[in-house]
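Trainee: Dropping in protein37.csv, with CSV, C-alpha atoms and all ligand atoms.
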```csv
chain,number,residue,atom,x,y,z
I,1,MET,CA,70.7,4.0,-31.0
I,2,SER,CA,69.6,5.3,-34.3
I,3,LEU,CA,65.9,5.6,-35.3
I,4,ASP,CA,66.4,2.6,-37.6
I,5,ASP,CA,67.9,0.6,-34.7
I,6,VAL,CA,64.8,1.5,-32.6
I,7,ILE,CA,62.4,0.3,-35.3
I,8,SER,CA,64.5,-2.9,-35.9
I,9,GLU,CA,64.6,-3.7,-32.2
I,10,LEU,CA,60.9,-3.1,-31.8
I,11,ARG,CA,60.3,-5.5,-34.7
I,12,ARG,CA,62.8,-8.1,-33.4
I,13,ARG,CA,61.1,-8.2,-30.0
I,14,GLY,CA,57.6,-8.0,-31.3
I,15,HIS,CA,56.9,-4.7,-29.5
I,16,GLY,CA,55.0,-1.8,-30.8
I,17,LEU,CA,54.4,1.9,-30.4
I,18,ILE,CA,51.1,3.8,-30.7
I,19,VAL,CA,50.1,7.4,-30.2
I,20,VAL,CA,47.1,8.0,-27.9
I,21,ASP,CA,45.9,11.5,-27.5
I,22,GLY,CA,49.2,12.8,-28.9
I,23,THR,CA,51.3,10.8,-26.5
I,24,LEU,CA,53.7,8.0,-27.6
I,25,ARG,CA,53.0,4.7,-25.9
I,26,HIS,CA,55.0,1.5,-25.9
I,27,ILE,CA,53.1,-1.8,-26.4
I,28,GLY,CA,54.8,-5.0,-25.0
I,29,PRO,CA,56.4,-6.3,-21.9
I,30,PRO,CA,57.6,-3.5,-19.7
I,31,LEU,CA,61.1,-2.2,-20.5
I,32,ALA,CA,63.7,-2.3,-17.7
I,33,ASP,CA,64.9,1.1,-16.6
I,34,ASP,CA,68.3,0.5,-18.2
I,35,ASP,CA,67.0,-1.1,-21.4
I,36,PRO,CA,68.8,0.6,-24.4
I,37,MET,CA,65.5,0.7,-26.3
I,38,ARG,CA,64.0,3.0,-23.6
I,39,THR,CA,66.9,5.4,-24.2
I,40,GLY,CA,66.5,5.0,-28.0
I,41,ILE,CA,62.7,5.8,-27.9
I,42,GLU,CA,63.4,8.8,-25.7
I,43,ALA,CA,66.1,10.1,-28.1
I,44,HIS,CA,63.7,9.9,-31.1
I,45,ARG,CA,60.4,10.5,-29.3
I,46,THR,CA,59.3,13.5,-31.4
I,47,LEU,CA,59.9,11.8,-34.7
I,48,LEU,CA,58.4,8.5,-33.5
I,49,THR,CA,55.3,10.3,-32.3
I,50,GLU,CA,54.9,11.8,-35.8
I,51,LEU,CA,55.7,8.5,-37.4
I,52,PHE,CA,53.0,6.6,-35.4
I,53,THR,CA,50.4,9.3,-35.7
I,54,PHE,CA,47.4,8.7,-38.0
I,55,ALA,CA,47.9,11.1,-41.0
I,56,PRO,CA,44.9,10.9,-43.3
I,57,GLY,CA,46.1,14.1,-45.0
I,58,GLY,CA,49.3,12.4,-46.0
I,59,ARG,CA,53.0,12.9,-45.0
I,60,CYS,CA,55.8,15.1,-46.3
I,61,GLU,CA,56.3,14.8,-50.0
I,62,GLU,CA,60.1,14.9,-49.6
I,63,ALA,CA,61.7,11.5,-50.4
I,64,ALA,CA,62.3,9.4,-47.3
I,65,CYS,CA,60.6,11.8,-45.0
I,66,TYR,CA,57.8,10.5,-42.8
I,67,ARG,CA,57.0,13.7,-40.9
I,68,LEU,CA,53.5,15.2,-40.8
I,69,ARG,CA,52.7,18.0,-43.2
I,70,VAL,CA,52.2,21.5,-42.1
I,71,PRO,CA,48.5,22.4,-42.1
I,72,GLY,CA,47.4,23.0,-45.7
I,73,GLY,CA,50.8,22.2,-47.1
I,74,ALA,CA,52.5,19.3,-48.8
I,75,HIS,CA,55.7,19.2,-46.7
I,76,CYS,CA,56.9,19.0,-43.1
I,77,PRO,CA,58.3,22.1,-41.3
I,78,ASP,CA,61.8,21.0,-42.2
I,79,HIS,CA,61.0,20.7,-45.9
I,80,ARG,CA,58.6,23.5,-46.2
I,81,GLN,CA,58.2,24.8,-49.7
I,82,PRO,CA,57.2,28.3,-50.7
I,83,ARG,CA,53.8,27.1,-52.0
I,84,ASP,CA,53.1,25.6,-48.6
I,85,ALA,CA,53.2,29.0,-47.1
I,86,MET,CA,50.8,30.3,-49.7
I,87,THR,CA,48.2,27.6,-49.0
I,88,GLU,CA,48.4,27.9,-45.2
I,89,PRO,CA,45.5,29.5,-43.5
I,90,ARG,CA,46.2,33.0,-42.4
I,91,PRO,CA,45.8,33.8,-38.8
I,92,ALA,CA,42.6,35.7,-37.9
I,93,ARG,CA,42.9,39.4,-37.6
I,94,VAL,CA,42.3,40.9,-34.2
I,95,PRO,CA,40.1,44.0,-34.5
O,1,ZN,ZN,59.9,16.4,-44.6
```
Since I need it in another form, could you write the structure as structure tokens?
Mentor:
Amino acid sequence: MSLDDVISELRRRGHGLIVVDGTLRHIGPPLADDDPMRTGIEAHRTLLTELFTFAPGGRCEEAACYRLRVPGGAHCPDHRQPRDAMTEPRPARVP
């Protein structure tokens, strides 16, 4: 099941996904253990978690990418641009 299939199936059934304390949660009638949507959600859990996470700082500027930005950057880790690295906070030095 592709990511688009999961989203379409959620919409078709009227189910939803939310992120609570960084964990993806399904909203709707419980899914059977052998429900293909359960497998689909598990297969795309990382991306779905990013997709349903509140992102007041915006999302990756790459076209059609919904991933969260790296801290201080304008792109996700997959589309990281050189200028993102320049704006990222540097780790504190240990004396
Ligand atoms: Zn991206």
Trainee: Between CA of Gly14 in chain I and CA of Arg38 in chain I, what is the spacing in Å?
Mentor: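 It comes out at 14.9 Å.
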Trainee: What residues have any atom no more than 10 Å from ligand ZN 1 (chain O) when counting all atoms listed in the file, and can you list them as JSON, numbers by chain?
Mentor: {"I": [59, 60, 61, 62, 63, 64, 65, 66, 67, 68, 69, 70, 74, 75, 76, 77, 78, 79, 80, 81]}
Trainee: Considering only C-alpha atoms, can you say which of I:Pro30, I:Gly22, I:Pro82, I:Gly72 comes closest to Phe52 in chain I?
Mentor: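 Ranked by minimum distance to Phe52 in chain I, first place goes to I:Gly22.
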Trainee: Closest to Pro71 in chain I among I:Arg12, I:Gly40, I:Gly58, I:Leu48, using only C-alpha atoms?
Mentor: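 Residue with the minimum atom-to-atom distance to Pro71 in chain I: I:Gly58.
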Trainee: What's the separation between CA of Gly16 in chain I and CA of Met37 in chain I, in Å to one decimal place?
Mentor: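 That distance, rounded to one decimal, is 11.7 Å.
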Trainee: Looking at I:Asp34, I:Ile27, I:Asp4, I:Ile18, which one is nearest to Glu50 in chain I, with distances taken over only C-alpha atoms?
Mentor: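 Ranked by minimum distance to Glu50 in chain I, first place goes to I:Ile18.
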Trainee: What's the 12 Å shell around His15 in chain I, counting only C-alpha atoms, without same-chain residues fewer than 4 positions away, as a PDB file with C-alpha atoms, in the frame of the given file?
Mentor:
```
ATOM      1  CA  VAL I   6      64.800   1.500 -32.600  1.00  0.00           C
ATOM      2  CA  ILE I   7      62.400   0.300 -35.300  1.00  0.00           C
ATOM      3  CA  SER I   8      64.500  -2.900 -35.900  1.00  0.00           C
ATOM      4  CA  GLU I   9      64.600  -3.700 -32.200  1.00  0.00           C
ATOM      5  CA  LEU I  10      60.900  -3.100 -31.800  1.00  0.00           C
ATOM      6  CA  ARG I  11      60.300  -5.500 -34.700  1.00  0.00           C
ATOM      7  CA  ARG I  25      53.000   4.700 -25.900  1.00  0.00           C
ATOM      8  CA  HIS I  26      55.000   1.500 -25.900  1.00  0.00           C
ATOM      9  CA  ILE I  27      53.100  -1.800 -26.400  1.00  0.00           C
ATOM     10  CA  GLY I  28      54.800  -5.000 -25.000  1.00  0.00           C
ATOM     11  CA  PRO I  29      56.400  -6.300 -21.900  1.00  0.00           C
ATOM     12  CA  PRO I  30      57.600  -3.500 -19.700  1.00  0.00           C
ATOM     13  CA  LEU I  31      61.100  -2.200 -20.500  1.00  0.00           C
ATOM     14  CA  MET I  37      65.500   0.700 -26.300  1.00  0.00           C
TER      15      MET I  37
END
```
Trainee: Work out how far CA of Ala55 in chain I is from CA of Arg83 in chain I, in Å to one decimal.
Mentor: 20.3 Å
Trainee: I need range 10-35 of chain I from the structure I supplied, saved as a PDB file, in the first residue's frame with N, CA and C atoms retained.
Mentor:
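So the final result, stored in decode.pdb, reads:
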```
ATOM      1  N   LEU I  10      -7.823   6.235   4.396  1.00  0.00           N
ATOM      2  CA  LEU I  10      -8.245   6.956   5.600  1.00  0.00           C
ATOM      3  C   LEU I  10      -9.427   7.856   5.271  1.00  0.00           C
ATOM      4  N   ARG I  11      -9.300   8.587   4.175  1.00  0.00           N
ATOM      5  CA  ARG I  11     -10.365   9.519   3.769  1.00  0.00           C
ATOM      6  C   ARG I  11     -11.641   8.757   3.436  1.00  0.00           C
ATOM      7  N   ARG I  12     -11.514   7.668   2.687  1.00  0.00           N
ATOM      8  CA  ARG I  12     -12.690   6.889   2.276  1.00  0.00           C
ATOM      9  C   ARG I  12     -13.464   6.365   3.487  1.00  0.00           C
ATOM     10  N   ARG I  13     -12.727   5.925   4.508  1.00  0.00           N
ATOM     11  CA  ARG I  13     -13.370   5.355   5.697  1.00  0.00           C
ATOM     12  C   ARG I  13     -13.763   6.418   6.725  1.00  0.00           C
ATOM     13  N   GLY I  14     -13.276   7.650   6.549  1.00  0.00           N
ATOM     14  CA  GLY I  14     -13.553   8.688   7.527  1.00  0.00           C
ATOM     15  C   GLY I  14     -12.675   8.564   8.768  1.00  0.00           C
ATOM     16  N   HIS I  15     -11.546   7.870   8.650  1.00  0.00           N
ATOM     17  CA  HIS I  15     -10.619   7.729   9.770  1.00  0.00           C
ATOM     18  C   HIS I  15      -9.616   8.877   9.742  1.00  0.00           C
ATOM     19  N   GLY I  16      -8.825   8.978  10.787  1.00  0.00           N
ATOM     20  CA  GLY I  16      -7.815  10.021  10.822  1.00  0.00           C
ATOM     21  C   GLY I  16      -6.567   9.566  11.542  1.00  0.00           C
ATOM     22  N   LEU I  17      -5.554  10.392  11.464  1.00  0.00           N
ATOM     23  CA  LEU I  17      -4.302  10.159  12.189  1.00  0.00           C
ATOM     24  C   LEU I  17      -3.942  11.463  12.896  1.00  0.00           C
ATOM     25  N   ILE I  18      -3.441  11.337  14.105  1.00  0.00           N
ATOM     26  CA  ILE I  18      -2.929  12.498  14.832  1.00  0.00           C
ATOM     27  C   ILE I  18      -1.595  12.098  15.451  1.00  0.00           C
ATOM     28  N   VAL I  19      -0.821  13.104  15.818  1.00  0.00           N
ATOM     29  CA  VAL I  19       0.434  12.849  16.520  1.00  0.00           C
ATOM     30  C   VAL I  19       0.291  13.411  17.930  1.00  0.00           C
ATOM     31  N   VAL I  20       0.462  12.546  18.921  1.00  0.00           N
ATOM     32  CA  VAL I  20       0.394  12.942  20.321  1.00  0.00           C
ATOM     33  C   VAL I  20       1.737  12.635  20.965  1.00  0.00           C
ATOM     34  N   ASP I  21       2.379  13.686  21.472  1.00  0.00           N
ATOM     35  CA  ASP I  21       3.698  13.524  22.102  1.00  0.00           C
ATOM     36  C   ASP I  21       4.666  12.766  21.198  1.00  0.00           C
ATOM     37  N   GLY I  22       4.610  13.068  19.909  1.00  0.00           N
ATOM     38  CA  GLY I  22       5.538  12.471  18.955  1.00  0.00           C
ATOM     39  C   GLY I  22       5.157  11.083  18.472  1.00  0.00           C
ATOM     40  N   THR I  23       4.003  10.565  18.931  1.00  0.00           N
ATOM     41  CA  THR I  23       3.583   9.226  18.530  1.00  0.00           C
ATOM     42  C   THR I  23       2.350   9.307  17.640  1.00  0.00           C
ATOM     43  N   LEU I  24       2.382   8.576  16.521  1.00  0.00           N
ATOM     44  CA  LEU I  24       1.259   8.558  15.584  1.00  0.00           C
ATOM     45  C   LEU I  24       0.123   7.723  16.150  1.00  0.00           C
ATOM     46  N   ARG I  25      -1.098   8.286  16.133  1.00  0.00           N
ATOM     47  CA  ARG I  25      -2.277   7.595  16.648  1.00  0.00           C
ATOM     48  C   ARG I  25      -3.350   7.569  15.581  1.00  0.00           C
ATOM     49  N   HIS I  26      -4.037   6.430  15.488  1.00  0.00           N
ATOM     50  CA  HIS I  26      -5.156   6.260  14.554  1.00  0.00           C
ATOM     51  C   HIS I  26      -6.441   6.699  15.247  1.00  0.00           C
ATOM     52  N   ILE I  27      -7.293   7.429  14.531  1.00  0.00           N
ATOM     53  CA  ILE I  27      -8.592   7.856  15.063  1.00  0.00           C
ATOM     54  C   ILE I  27      -9.673   7.189  14.226  1.00  0.00           C
ATOM     55  N   GLY I  28     -10.512   6.435  14.866  1.00  0.00           N
ATOM     56  CA  GLY I  28     -11.595   5.753  14.173  1.00  0.00           C
ATOM     57  C   GLY I  28     -11.836   4.396  14.796  1.00  0.00           C
ATOM     58  N   PRO I  29     -12.771   3.634  14.242  1.00  0.00           N
ATOM     59  CA  PRO I  29     -13.025   2.293  14.753  1.00  0.00           C
ATOM     60  C   PRO I  29     -11.737   1.475  14.710  1.00  0.00           C
ATOM     61  N   PRO I  30     -11.525   0.623  15.707  1.00  0.00           N
ATOM     62  CA  PRO I  30     -10.292  -0.175  15.728  1.00  0.00           C
ATOM     63  C   PRO I  30     -10.098  -0.960  14.438  1.00  0.00           C
ATOM     64  N   LEU I  31      -8.835  -1.062  14.022  1.00  0.00           N
ATOM     65  CA  LEU I  31      -8.501  -1.817  12.809  1.00  0.00           C
ATOM     66  C   LEU I  31      -8.252  -3.275  13.183  1.00  0.00           C
ATOM     67  N   ALA I  32      -8.760  -4.178  12.365  1.00  0.00           N
ATOM     68  CA  ALA I  32      -8.495  -5.605  12.584  1.00  0.00           C
ATOM     69  C   ALA I  32      -7.003  -5.861  12.431  1.00  0.00           C
ATOM     70  N   ASP I  33      -6.521  -6.904  13.078  1.00  0.00           N
ATOM     71  CA  ASP I  33      -5.093  -7.224  13.007  1.00  0.00           C
ATOM     72  C   ASP I  33      -4.613  -7.438  11.577  1.00  0.00           C
ATOM     73  N   ASP I  34      -5.491  -7.948  10.729  1.00  0.00           N
ATOM     74  CA  ASP I  34      -5.088  -8.229   9.341  1.00  0.00           C
ATOM     75  C   ASP I  34      -5.582  -7.158   8.360  1.00  0.00           C
ATOM     76  N   ASP I  35      -6.000  -6.015   8.868  1.00  0.00           N
ATOM     77  CA  ASP I  35      -6.462  -4.919   7.995  1.00  0.00           C
ATOM     78  C   ASP I  35      -5.265  -4.374   7.210  1.00  0.00           C
TER      79      ASP I  35
END
```
